[in-house]
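S.K.: Just dropping this structure here.
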Amino acid sequence: MNKSLNIKTNLTFIFFFSLSILISYKIYIIQFKEGEYWRKKSKEITTKFVEVEASRGNIYDQNYNLLATSIPIYDIGIDVNVPGLDDKTFNSQKDSLALMLNKLFPEKSKKEYLKALNKARQENDRYILLKRKVTYQQLQQIKNLPILRNGKKGGLVVFQTSKRILPFKYLAARTIGLARENIKPVGLEGAYDSTLKGKSGKRLMQKIAGDVWRPVNDDEEIQAKNGNDIVTTLDINIQDVAEHALLKALIKNQASHGSVILIETKTGKIKAIANLKQKDSVTYEEELNYAIGYPSEPGSTFKLASALALLEEYDIDINEKINVGNGECTYYNQKMKDAHPPHSDVITFEDAFKTSSNVGISKIVTKYFSKNPDRFVYHLSRFHLDKPYNIDLPGEGIPKIKKPKDKDWYGTTLPWMSIGYESMLTPLHILMLYNLVANNGTIMKPMFVERIEYNGRTIKQFQPEILAANILKPSTIQKAKKIMRAVVESGTAKALNISSFKVAGKTGTAQIAKKGKYYTSENDKTYLASFVGFFPLENPLYTCIVTISSPSKGIYYGGLVAGPVFKEIAEKVYSTNLQSIPPLNNLPDNLIHLPFIAGTHPKKLLYISKQLKLPVNPDTSFQLISPFYPDSIHYSQKTTDVLKFIQKNTMPNLTGLSLKETLPILEQKGLKVIIHGEGWITHQSIPPNSKIEKGQKLTLTLNRI
């Protein structure tokens, strides 16, 4: 029995010993003999889902001109060992492919491309990165190259991302802004980042040799949801006028920086906002938002606040006499001077305002408010000068209005505050002060965004917001408009008097403190020149402020430096406002042939047509642009109509539209777009109203018209 047990024990030992030897041998084979194969195999089957950023929403101006959009860019690779790519095809076409790649992307020679292709083929590598950040036009060329023209069968691997661009480049660039991770948000891009960025998708990626990740499929496993679009209150045409007028003045005066804001008086909608900072003598860039983010001592434009406080509290007569002497006075051993000697020892309040007399304004404010300065500050608060507007854009500057109980309130504070010193206000605050008068005593919240849309459908509509109504008495408004009109007619701004319509406003010339000190030497002084006003006087449509900092050509008065900018903007904006143009007569010979119109917003074209008394025949089925004849006008609805048709898998009529408006939508639908020519679309290979499918080829012919 013991002998039998020993035999069984020995056999069991021999079995397990042999098994361990076999396992060790197999481990040795896998580790050393087949190790490279299995390591490579492991890398090939390593996959993961990566986040695919959604296409960021567009930012439009009020007329649907693109201010910011995302264009597709692509990383291009090739799998030279894809099933179906036989040796004969590869060997016969690889030289041509390498040559064409070199012509497209000359940073590598033909020899380098060919070497990489051969090496990948020999080592059975499944992916070579050919080029990152390829444009759509370059992608179309790549798809026609040898081997790659066969698409997936030719090993073409395409990974799509996007790039943010500003079609109008620097126009309103600081207001449009940007949004990047770990960086403080800027402008509308930052303020509406969550609205614009959409919801990311998921794509399955495969890790291959060299720690390179390639997409397993061309399409996303979880489709990204594109971001919403923002329609702003900006008008790119007015923005262009404002930006260029400001730029000319900055260059002419060699100023350090400047800003312009123009708003619609009754709604508070910002139509243009420009901020330019000097880089060199001829180059200025949109870098910092001086218009809303940087409070400073405003100078004489603040005198309107003093005037309104006097009119509201005491309803003073604008002909009240003020003894200004020789244009100098002293407050607690601090001397105050006028920029120019007065024409008389005694002047009226209106004269003091229109000639911007520091002595005159400070004396009358001191006369009425010195015993109760709290009432003066109370009115400034009523005018919304002591608080931010909580606008959409991040980085709004906080205003500073002193109060009598503050530690830094001195005997000199009231007179100096009355003429625009010892207070810190942004240009936006001064602009809204003047808009308060233009809008008959109603304070509007400055407005940057009209609505949020998704695929042409309104998600959220924003309405003008009244912050306070009936702030000013009718008599105050009437007198304030009169003294502001006097500034332009016969005061410090008479150089910008316009004959075709009336303007009311105020100049400002404030000395800029350096490290808390005001220099007395003219060579050391720097100034902030400004003009703010509204037009037309009888029924104000727009209110505008211009500020120019540190002009260095010897001229620094607001009327001479900032005034011409305001005048140019006002004249051009007024001349393009159809409300102010009298109707044309009805003579039948005025228009014999109507012009060809393309890419015009339908509401604008329809409005113009009615103003010109032209016959209109809108095509309600498409409402898209087409050539028209003297008997009728067909007008365009542009991008929103294209989206509506595409969403129904139906081809819209693209005639007359631009590639910028249509290409992202067509590509997103999966159409393969081939482009011939430049300009506007004049022909499309798929007729309107035809059903479309993903991957279908669409040829567009473009011409300049």
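By order of appearance in the structure tokens: chains A, B, ..., then residues from 1 within every chain, and ligands from 1 in the order shown.
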Mind checking which residues fall within 10 Å of Thr89 of chain A, counting only C-alpha atoms, ignoring those fewer than 6 positions away in the same chain, and posting them as an MDAnalysis selection string?
M.R.: chainID A and resid 146:147 154
S.K.: Using only C-alpha atoms, which residues sit within 8 Å of Met424 of chain A once same-chain residues fewer than 2 positions away are excluded, as a PyMOL selection string?
M.R.: chain A and resi 295-298+399-401+421-422+426
S.K.: Include C-alpha atoms and write out the residues we just selected as a compact mmCIF listing (two decimals), in the first residue's frame.
M.R.:
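And here is the file that came out, again29.txt:
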```txt
# COMPACT_ATOMS: atom_id res chain seq x y z
CA PRO A 295 -12.13 104.27 -15.37
CA SER A 296 -10.35 107.62 -15.47
CA GLU A 297 -11.00 111.25 -14.62
CA PRO A 298 -13.31 112.32 -17.47
CA PRO A 399 -16.75 103.79 -11.17
CA LYS A 400 -15.65 105.87 -8.21
CA ILE A 401 -17.73 108.81 -6.99
CA TYR A 421 -11.71 115.54 -11.51
CA GLU A 422 -11.57 113.46 -8.32
CA THR A 426 -15.43 104.74 -17.81
```
S.K.: Find the residues around Met447 of chain A up to 9 Å (only C-alpha atoms counted), leave out those fewer than 4 positions away in its own chain, and share them as a list in words.
M.R.: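 Neighbouring residues, sequence-local ones excluded: Thr232, Thr233, Ile263, Thr267, Gly268, Lys269, Ile270, Ile391, Asp392, Phe462, Gln463, Pro464 and Glu465 of chain A.
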S.K.: Please produce a file of those selected residues containing C-alpha atoms, as a JSON list (two decimals), in the first residue's frame.
M.R.:
```json
[["chain", "number", "residue", "atom", "x", "y", "z"],
["A", 232, "THR", "CA", -25.26, 90.79, -31.48],
["A", 233, "THR", "CA", -26.47, 94.38, -31.58],
["A", 263, "ILE", "CA", -25.37, 103.23, -29.15],
["A", 267, "THR", "CA", -32.79, 100.96, -26.83],
["A", 268, "GLY", "CA", -29.25, 101.11, -25.44],
["A", 269, "LYS", "CA", -28.09, 98.71, -28.17],
["A", 270, "ILE", "CA", -24.35, 98.99, -28.83],
["A", 391, "ILE", "CA", -23.15, 94.45, -18.90],
["A", 392, "ASP", "CA", -22.65, 91.14, -20.72],
["A", 462, "PHE", "CA", -33.24, 89.73, -25.34],
["A", 463, "GLN", "CA", -35.24, 92.92, -24.98],
["A", 464, "PRO", "CA", -34.01, 96.44, -24.18],
["A", 465, "GLU", "CA", -33.94, 96.92, -20.42]]
```
S.K.: Using only C-alpha atoms, can you tell me which of A:Ile78, A:Arg164, A:Thr412, A:Asn150 comes closest to Leu129 of chain A?
M.R.: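 For Leu129 of chain A, the nearest of the given residues is A:Ile78.
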S.K.: Give the answer as one residue: which of A:Ile674, A:Ala116, A:Ile548, A:Val377 has the shortest atom-to-atom distance to Glu313 of chain A, using only C-alpha atoms?
M.R.: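 When distances to Glu313 of chain A are compared using only C-alpha atoms, the smallest one comes from A:Val377.
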S.K.: Compare A:Ala173, A:Ile59, A:Ile142, A:Leu104 by their minimum atom-to-atom distance to Lys197 of chain A, counting only C-alpha atoms, and give me the closest one.
M.R.: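 Smallest separation from Lys197 of chain A among the options: A:Ile59.
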S.K.: Going by DSSP on the backbone, which residues of segment 289-344 of chain A come out as strand (DSSP E or B)? List them as a ChimeraX atom specification.
M.R.: /A:296,321-323,328-331,334-337
S.K.: Excluding Leu85 of chain A and residues on its chain fewer than 3 positions from it, collect all residues at most 9 Å away from it, counting only C-alpha atoms, and give them as number ranges by chain.
M.R.: A: 80-82, 88-90, 147, 153-155
S.K.: Produce a file of the selected residues containing C-alpha atoms, as a compact mmCIF listing (two decimals), in the first residue's frame.
M.R.:
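Output saved as out.txt:
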```txt
# COMPACT_ATOMS: atom_id res chain seq x y z
CA VAL A 80 -0.33 52.05 -46.17
CA ASN A 81 -1.24 48.55 -44.98
CA VAL A 82 -4.99 48.91 -45.25
CA LYS A 88 1.14 46.55 -57.32
CA THR A 89 -0.94 49.67 -56.62
CA PHE A 90 1.34 50.85 -53.81
CA ILE A 147 -3.44 56.08 -53.70
CA LYS A 153 -9.42 51.81 -49.54
CA GLY A 154 -6.38 53.95 -50.22
CA GLY A 155 -5.69 54.31 -46.50
```
S.K.: Can you pull out the residues contacting Val186 of chain A? Cut-off 6 Å, using only C-alpha atoms, and skip same-chain residues under 4 positions away; I want them as a list of chain:residue names.
M.R.: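 Counting only the stated atoms, we get A:Gly177, A:Leu178, A:Gly190.
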